[in-house]
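See below for the structure under consideration.
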Amino acid sequence: MAKLTKSAKEIGGRHNLAVKVKTAKYKKKSSNQWLLRQLNDPYVAEAKRQGYRSRAAFKLIQLDEKYNFLGRGKTIVDLGCAPGGWTQVAVMRNKGSGKVVGIDILETEPVIGAQLICQDFTSEDAADKLKALLGCEADIVMSDMAANTTGHQQTDHLRTIGLVEAAYEFAKEVLADGGIFIAKVFQGGAEGGLLADAKKNFAKVTHFKPAASRKESPETYLVAQGYRKMLCNDC
């Protein structure tokens with residue numbers, strides 16, 4: 001991967017000549033729209049240039065630019081790691097030290113410097129497998145998981161919140177004191193109960209939408225910093 005020398009924020013501001021897509025009778029209109037968007041997306045082009053597996057890598061980079069949580073020697077859990085863009089960034093920022101483990105229901109090509117599991121995170125023994133790979137407390141638990149979309153925004157929001165809640169409960173079990181939890185949620189943010197619990201167990205809880213998130217996307221990220229492990233253990 002090429003070294004990132006400029007702020008990832010600059011990428012979205014680049015204006016290239018628009019690429020046009022010829023329509024075909026056998027192609028759905030939605031497929032043409034997706035292809036057109038991909039061809040004209042500066043983050044897609046930059047991800048390819050730098051060797052990242054997906055444009056989503058820049059969402060994590062921008063989260064780190066704002067909150068400064070990645071760095072040498074971190075122990076990191078990547079939930080919903082496929083195709084591996086976030087894992088690549090985490091390994092790169094670890095600078096050859098620390099530990100990165102990840103899990104996804106989809107097969108993920110190996111990432112040098114990370115240990116990855118192909119399994120549904122919500123399955124019965126998934127959490128135990130991750131803990132065994134960790135072998136210690138984590139500094140960061142990050143989740144880019146989202147339920148398959150139905151097209152109904154409220155339904156998609158609730159299904160994704162279910163994954164966020166599972167990730168949050170796991171984070172409370174494995175995070176070290178002062179750790180950080182980051183998770184993708186849909187518009188509306190975290191549910192009231194989860195948000196209230198997070199505010200009790202973390203020093204600071206906010207929502208942030210990276211510039212790399214498409215404007216039309218309802219996604220945003222819950223960022224909980226400064227885990228209060230002892231307080232949580234006393235709950």
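By order in the structure tokens, chains are A, B, ...; within a chain, residues start at 1; ligands start at 1, following the order shown.
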Discussion item. I want to know what sits within 12 Å of Ile61 (chain A), based on only C-alpha atoms, with residues of the same chain fewer than 2 positions away left out; could you give that as a PyMOL selection string?
Written reply: chain A and resi 4-9+11+43+47+52+55-59+63-71+85-90+92-93+210-213
Discussion item. I want to know what sits within 7 Å of Asp104 (chain A), based on only C-alpha atoms, with residues of the same chain fewer than 3 positions away left out; could you give that as a PyMOL selection string?
Written reply: chain A and resi 79-82+107+117-121
Response to the item:
Between A:Ile76, A:Ile112, A:Ala183, A:Leu195, smallest distance to Cys136 (chain A) by only C-alpha atoms belongs to A:Ile76
Practice prompt. Can you work out which one of A:Lys74, A:Lys199, A:Lys172, A:Lys229 has the shortest atom-to-atom distance to Asn94 (chain A), counting only C-alpha atoms?
Written response: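 When distances to Asn94 (chain A) are compared using only C-alpha atoms, the smallest one comes from A:Lys74.
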Item to complete: Write out as a ChimeraX atom specification each polymer residue whose atoms come within 12 Å of Lys200 (chain A), counting only C-alpha atoms; drop sequence neighbours fewer than 4 positions from it.
Response: /A:172,193-196,204-205,224-232,234-235
Could you please take those selected residues and save all heavy atoms as a short mmCIF file (atom, residue, chain, number, x, y, z; two decimals), in the first residue's frame?
```cif
data_model
loop_
_atom_site.label_atom_id
_atom_site.label_comp_id
_atom_site.auth_asym_id
_atom_site.auth_seq_id
_atom_site.Cartn_x
_atom_site.Cartn_y
_atom_site.Cartn_z
N LYS A 172 -17.59 -4.20 25.72
CA LYS A 172 -17.52 -4.03 27.17
C LYS A 172 -16.78 -5.19 27.85
O LYS A 172 -16.19 -5.03 28.91
CB LYS A 172 -18.92 -3.88 27.77
CG LYS A 172 -19.59 -2.55 27.43
CD LYS A 172 -20.79 -2.27 28.32
CE LYS A 172 -21.92 -3.24 28.10
NZ LYS A 172 -23.10 -2.91 28.96
N GLY A 193 -31.39 3.46 24.72
CA GLY A 193 -30.85 2.64 25.78
C GLY A 193 -29.37 2.40 25.63
O GLY A 193 -28.59 2.50 26.59
N LEU A 194 -28.95 2.08 24.41
CA LEU A 194 -27.53 1.86 24.14
C LEU A 194 -26.73 3.14 24.38
O LEU A 194 -25.65 3.12 24.97
CB LEU A 194 -27.33 1.36 22.72
CG LEU A 194 -25.94 0.89 22.29
CD1 LEU A 194 -26.04 -0.13 21.17
CD2 LEU A 194 -25.07 2.06 21.84
N LEU A 195 -27.27 4.25 23.89
CA LEU A 195 -26.57 5.52 24.04
C LEU A 195 -26.43 5.91 25.50
O LEU A 195 -25.36 6.38 25.93
CB LEU A 195 -27.34 6.61 23.27
CG LEU A 195 -26.59 7.90 22.96
CD1 LEU A 195 -25.34 7.63 22.15
CD2 LEU A 195 -27.50 8.88 22.23
N ALA A 196 -27.46 5.70 26.28
CA ALA A 196 -27.40 6.03 27.71
C ALA A 196 -26.37 5.16 28.42
O ALA A 196 -25.61 5.65 29.27
CB ALA A 196 -28.78 5.83 28.34
N LYS A 204 -16.62 9.88 26.83
CA LYS A 204 -17.18 10.77 25.81
C LYS A 204 -17.82 9.94 24.71
O LYS A 204 -17.23 8.98 24.21
CB LYS A 204 -16.09 11.67 25.22
CG LYS A 204 -16.61 12.72 24.25
CD LYS A 204 -15.47 13.62 23.77
CE LYS A 204 -15.99 14.71 22.83
NZ LYS A 204 -14.88 15.59 22.36
N VAL A 205 -19.03 10.32 24.32
CA VAL A 205 -19.76 9.61 23.27
C VAL A 205 -20.27 10.62 22.25
O VAL A 205 -20.96 11.58 22.61
CB VAL A 205 -20.93 8.80 23.84
CG1 VAL A 205 -21.67 8.08 22.72
CG2 VAL A 205 -20.45 7.80 24.88
N ALA A 224 -17.34 6.05 20.96
CA ALA A 224 -17.33 6.07 22.42
C ALA A 224 -15.88 5.98 22.89
O ALA A 224 -15.21 4.98 22.65
CB ALA A 224 -18.15 4.92 22.98
N GLN A 225 -15.39 7.03 23.54
CA GLN A 225 -13.99 7.12 23.96
C GLN A 225 -13.85 7.05 25.47
O GLN A 225 -14.71 7.50 26.22
CB GLN A 225 -13.40 8.45 23.48
CG GLN A 225 -13.43 8.67 21.98
CD GLN A 225 -13.07 10.10 21.61
OE1 GLN A 225 -13.92 10.98 21.59
NE2 GLN A 225 -11.79 10.32 21.34
N GLY A 226 -12.71 6.51 25.91
CA GLY A 226 -12.39 6.50 27.33
C GLY A 226 -13.22 5.53 28.13
O GLY A 226 -13.97 5.92 29.03
N TYR A 227 -13.07 4.25 27.82
CA TYR A 227 -13.85 3.21 28.51
C TYR A 227 -13.54 3.19 30.01
O TYR A 227 -12.37 3.19 30.41
CB TYR A 227 -13.54 1.85 27.90
CG TYR A 227 -14.32 0.69 28.47
CD1 TYR A 227 -15.70 0.76 28.62
CD2 TYR A 227 -13.67 -0.49 28.84
CE1 TYR A 227 -16.43 -0.30 29.12
CE2 TYR A 227 -14.39 -1.57 29.34
CZ TYR A 227 -15.76 -1.47 29.47
OH TYR A 227 -16.48 -2.52 29.98
N ARG A 228 -14.60 3.19 30.81
CA ARG A 228 -14.45 3.14 32.26
C ARG A 228 -14.65 1.70 32.72
O ARG A 228 -15.72 1.30 33.16
CB ARG A 228 -15.47 4.07 32.92
CG ARG A 228 -15.27 5.53 32.54
CD ARG A 228 -16.50 6.34 32.90
NE ARG A 228 -16.29 7.77 32.72
CZ ARG A 228 -17.27 8.64 32.49
NH1 ARG A 228 -18.53 8.22 32.42
NH2 ARG A 228 -17.00 9.92 32.34
N LYS A 229 -13.60 0.90 32.61
CA LYS A 229 -13.72 -0.54 32.81
C LYS A 229 -14.17 -0.88 34.23
O LYS A 229 -15.06 -1.71 34.42
CB LYS A 229 -12.39 -1.23 32.53
CG LYS A 229 -12.48 -2.75 32.57
CD LYS A 229 -11.19 -3.38 32.13
CE LYS A 229 -11.32 -4.90 32.09
NZ LYS A 229 -12.28 -5.37 31.10
N MET A 230 -13.60 -0.27 35.20
CA MET A 230 -13.95 -0.59 36.59
C MET A 230 -15.40 -0.25 36.87
O MET A 230 -16.11 -0.99 37.54
CB MET A 230 -13.03 0.16 37.56
CG MET A 230 -11.58 -0.29 37.50
SD MET A 230 -11.37 -2.06 37.81
CE MET A 230 -11.97 -2.19 39.49
N LEU A 231 -15.87 0.88 36.34
CA LEU A 231 -17.26 1.27 36.53
C LEU A 231 -18.19 0.26 35.90
O LEU A 231 -19.19 -0.15 36.48
CB LEU A 231 -17.51 2.66 35.93
CG LEU A 231 -18.94 3.18 35.97
CD1 LEU A 231 -19.42 3.32 37.41
CD2 LEU A 231 -19.05 4.53 35.25
N CYS A 232 -17.81 -0.20 34.69
CA CYS A 232 -18.66 -1.16 34.00
C CYS A 232 -18.68 -2.50 34.73
O CYS A 232 -19.71 -3.15 34.84
CB CYS A 232 -18.15 -1.36 32.58
SG CYS A 232 -19.24 -2.37 31.54
N ASP A 234 -18.58 -2.93 37.77
CA ASP A 234 -19.37 -2.80 38.98
C ASP A 234 -20.86 -2.70 38.71
O ASP A 234 -21.67 -2.59 39.62
CB ASP A 234 -18.94 -1.55 39.76
CG ASP A 234 -17.54 -1.72 40.35
OD1 ASP A 234 -17.11 -2.89 40.50
OD2 ASP A 234 -16.88 -0.70 40.65
N CYS A 235 -21.23 -2.69 37.40
CA CYS A 235 -22.65 -2.52 37.03
C CYS A 235 -23.49 -3.69 37.56
O CYS A 235 -23.04 -4.83 37.52
CB CYS A 235 -22.79 -2.44 35.51
SG CYS A 235 -22.11 -0.93 34.79
#
```
Nearby residues (only C-alpha atoms) at most 8 Å from Val223 (chain A), same-chain spacing under 5 positions excluded, as a short mmCIF file (atom, residue, chain, number, x, y, z; two decimals) with all heavy atoms, in the first residue's frame:
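Result file follows (result26.cif):
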```cif
data_model
loop_
_atom_site.label_atom_id
_atom_site.label_comp_id
_atom_site.auth_asym_id
_atom_site.auth_seq_id
_atom_site.Cartn_x
_atom_site.Cartn_y
_atom_site.Cartn_z
N ILE A 180 -11.55 2.43 23.21
CA ILE A 180 -12.49 3.14 22.34
C ILE A 180 -13.34 2.14 21.56
O ILE A 180 -12.85 1.09 21.14
CB ILE A 180 -11.76 4.10 21.38
CG1 ILE A 180 -12.75 4.91 20.52
CG2 ILE A 180 -10.78 3.35 20.48
CD1 ILE A 180 -12.10 6.03 19.75
N PHE A 181 -14.62 2.47 21.40
CA PHE A 181 -15.56 1.66 20.63
C PHE A 181 -16.14 2.51 19.52
O PHE A 181 -16.64 3.62 19.75
CB PHE A 181 -16.69 1.15 21.54
CG PHE A 181 -17.81 0.47 20.81
CD1 PHE A 181 -17.61 -0.74 20.15
CD2 PHE A 181 -19.09 1.02 20.80
CE1 PHE A 181 -18.64 -1.38 19.48
CE2 PHE A 181 -20.14 0.37 20.14
CZ PHE A 181 -19.91 -0.82 19.48
N ILE A 182 -16.06 2.00 18.29
CA ILE A 182 -16.58 2.71 17.12
C ILE A 182 -17.49 1.77 16.35
O ILE A 182 -17.13 0.62 16.09
CB ILE A 182 -15.44 3.18 16.21
CG1 ILE A 182 -14.58 4.22 16.93
CG2 ILE A 182 -15.97 3.76 14.91
CD1 ILE A 182 -13.36 4.64 16.16
N ALA A 183 -18.68 2.23 16.00
CA ALA A 183 -19.61 1.37 15.28
C ALA A 183 -20.46 2.16 14.30
O ALA A 183 -20.89 3.28 14.60
CB ALA A 183 -20.51 0.63 16.27
N VAL A 205 -19.03 10.32 24.32
CA VAL A 205 -19.76 9.61 23.27
C VAL A 205 -20.27 10.62 22.25
O VAL A 205 -20.96 11.58 22.61
CB VAL A 205 -20.93 8.80 23.84
CG1 VAL A 205 -21.67 8.08 22.72
CG2 VAL A 205 -20.45 7.80 24.88
N THR A 206 -19.93 10.41 20.98
CA THR A 206 -20.36 11.33 19.92
C THR A 206 -20.75 10.53 18.68
O THR A 206 -20.55 9.32 18.61
CB THR A 206 -19.23 12.31 19.53
OG1 THR A 206 -18.06 11.56 19.15
CG2 THR A 206 -18.87 13.22 20.68
N HIS A 207 -21.32 11.23 17.69
CA HIS A 207 -21.57 10.66 16.37
C HIS A 207 -20.78 11.47 15.35
O HIS A 207 -20.62 12.68 15.49
CB HIS A 207 -23.06 10.70 16.02
CG HIS A 207 -23.89 9.70 16.76
ND1 HIS A 207 -24.49 9.99 17.97
CD2 HIS A 207 -24.22 8.42 16.47
CE1 HIS A 207 -25.15 8.92 18.40
NE2 HIS A 207 -25.01 7.97 17.50
N PHE A 208 -20.28 10.78 14.32
CA PHE A 208 -19.47 11.45 13.30
C PHE A 208 -19.70 10.79 11.95
O PHE A 208 -19.71 9.56 11.86
CB PHE A 208 -17.99 11.38 13.67
CG PHE A 208 -17.05 11.98 12.65
CD1 PHE A 208 -17.05 13.35 12.42
CD2 PHE A 208 -16.18 11.18 11.93
CE1 PHE A 208 -16.19 13.91 11.48
CE2 PHE A 208 -15.31 11.74 10.98
CZ PHE A 208 -15.32 13.09 10.76
#
```
Worksheet item: Using only C-alpha atoms, which of the listed residues (A:Val111, A:Ala171, A:Val185, A:Ala138) sits closest to Thr220 (chain A)?
Response: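 Ranking A:Val111, A:Ala171, A:Val185, A:Ala138 by distance to Thr220 (chain A), first place goes to A:Val185.
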Worksheet item: Could you work out how far CA of Ser123 (chain A) lies from CA of Thr75 (chain A), giving the answer in Å with one decimal?
Response: 22.8 Å
Can you check which residues of region 73-183 of chain A DSSP gives as strand (DSSP E or B) on the backbone and send them as a compact mmCIF listing (two decimals) with N, CA and C atoms, in the first residue's frame?
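Once written, out.txt looks like this:
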```
# COMPACT_ATOMS: atom_id res chain seq x y z
N THR A 75 -3.93 -3.01 20.19
CA THR A 75 -4.66 -4.27 20.05
C THR A 75 -6.07 -3.93 19.58
N ILE A 76 -6.42 -4.43 18.39
CA ILE A 76 -7.62 -3.96 17.70
C ILE A 76 -8.49 -5.13 17.25
N VAL A 77 -9.79 -4.98 17.45
CA VAL A 77 -10.77 -5.94 16.94
C VAL A 77 -11.57 -5.26 15.84
N ASP A 78 -11.63 -5.90 14.67
CA ASP A 78 -12.36 -5.37 13.52
C ASP A 78 -13.56 -6.28 13.24
N LEU A 79 -14.75 -5.82 13.62
CA LEU A 79 -15.98 -6.59 13.43
C LEU A 79 -16.61 -6.22 12.09
N LYS A 99 -1.58 -5.93 17.66
CA LYS A 99 -2.34 -7.10 17.20
C LYS A 99 -3.66 -6.64 16.59
N VAL A 100 -4.01 -7.25 15.47
CA VAL A 100 -5.29 -6.96 14.81
C VAL A 100 -6.00 -8.28 14.54
N VAL A 101 -7.22 -8.42 15.06
CA VAL A 101 -8.03 -9.59 14.76
C VAL A 101 -9.35 -9.12 14.18
N GLY A 102 -9.92 -9.93 13.30
CA GLY A 102 -11.17 -9.52 12.65
C GLY A 102 -12.08 -10.70 12.38
N ILE A 103 -13.33 -10.38 12.12
CA ILE A 103 -14.32 -11.41 11.82
C ILE A 103 -15.34 -10.88 10.83
N ASP A 104 -15.79 -11.75 9.94
CA ASP A 104 -16.87 -11.39 9.02
C ASP A 104 -17.54 -12.67 8.55
N ALA A 114 -2.57 -9.54 10.41
CA ALA A 114 -3.88 -9.67 11.07
C ALA A 114 -4.30 -11.13 11.08
N GLN A 115 -5.14 -11.48 12.05
CA GLN A 115 -5.75 -12.81 12.13
C GLN A 115 -7.24 -12.65 11.93
N LEU A 116 -7.78 -13.34 10.92
CA LEU A 116 -9.16 -13.15 10.52
C LEU A 116 -9.96 -14.45 10.61
N ILE A 117 -11.22 -14.32 11.02
CA ILE A 117 -12.14 -15.44 11.15
C ILE A 117 -13.29 -15.24 10.18
N CYS A 118 -13.67 -16.30 9.46
CA CYS A 118 -14.86 -16.26 8.61
C CYS A 118 -16.00 -16.91 9.39
N ALA A 138 -8.37 -5.44 24.64
CA ALA A 138 -8.27 -4.67 23.39
C ALA A 138 -8.24 -3.18 23.68
N ASP A 139 -7.50 -2.46 22.86
CA ASP A 139 -7.51 -1.00 22.93
C ASP A 139 -8.66 -0.41 22.13
N ILE A 140 -9.01 -1.10 21.05
CA ILE A 140 -10.03 -0.60 20.13
C ILE A 140 -10.92 -1.74 19.67
N VAL A 141 -12.23 -1.54 19.74
CA VAL A 141 -13.18 -2.43 19.08
C VAL A 141 -13.92 -1.57 18.07
N MET A 142 -13.80 -1.93 16.80
CA MET A 142 -14.44 -1.14 15.75
C MET A 142 -15.32 -2.03 14.91
N SER A 143 -16.48 -1.52 14.56
CA SER A 143 -17.46 -2.31 13.83
C SER A 143 -17.99 -1.53 12.63
N LEU A 175 -12.60 -4.63 26.12
CA LEU A 175 -11.84 -3.38 26.10
C LEU A 175 -11.05 -3.17 27.38
N ALA A 176 -9.86 -2.62 27.22
CA ALA A 176 -9.06 -2.20 28.36
C ALA A 176 -9.57 -0.85 28.85
N ASP A 177 -9.21 -0.49 30.05
CA ASP A 177 -9.59 0.81 30.59
C ASP A 177 -9.06 1.91 29.66
N GLY A 178 -9.91 2.86 29.31
CA GLY A 178 -9.52 3.94 28.40
C GLY A 178 -9.71 3.60 26.94
N GLY A 179 -10.22 2.39 26.65
CA GLY A 179 -10.38 1.95 25.27
C GLY A 179 -11.47 2.71 24.52
N ILE A 180 -11.55 2.43 23.21
CA ILE A 180 -12.49 3.14 22.34
C ILE A 180 -13.34 2.14 21.56
N PHE A 181 -14.62 2.47 21.40
CA PHE A 181 -15.56 1.66 20.63
C PHE A 181 -16.14 2.51 19.52
N ILE A 182 -16.06 2.00 18.29
CA ILE A 182 -16.58 2.71 17.12
C ILE A 182 -17.49 1.77 16.35
N ALA A 183 -18.68 2.23 16.00
CA ALA A 183 -19.61 1.37 15.28
C ALA A 183 -20.46 2.16 14.30
```
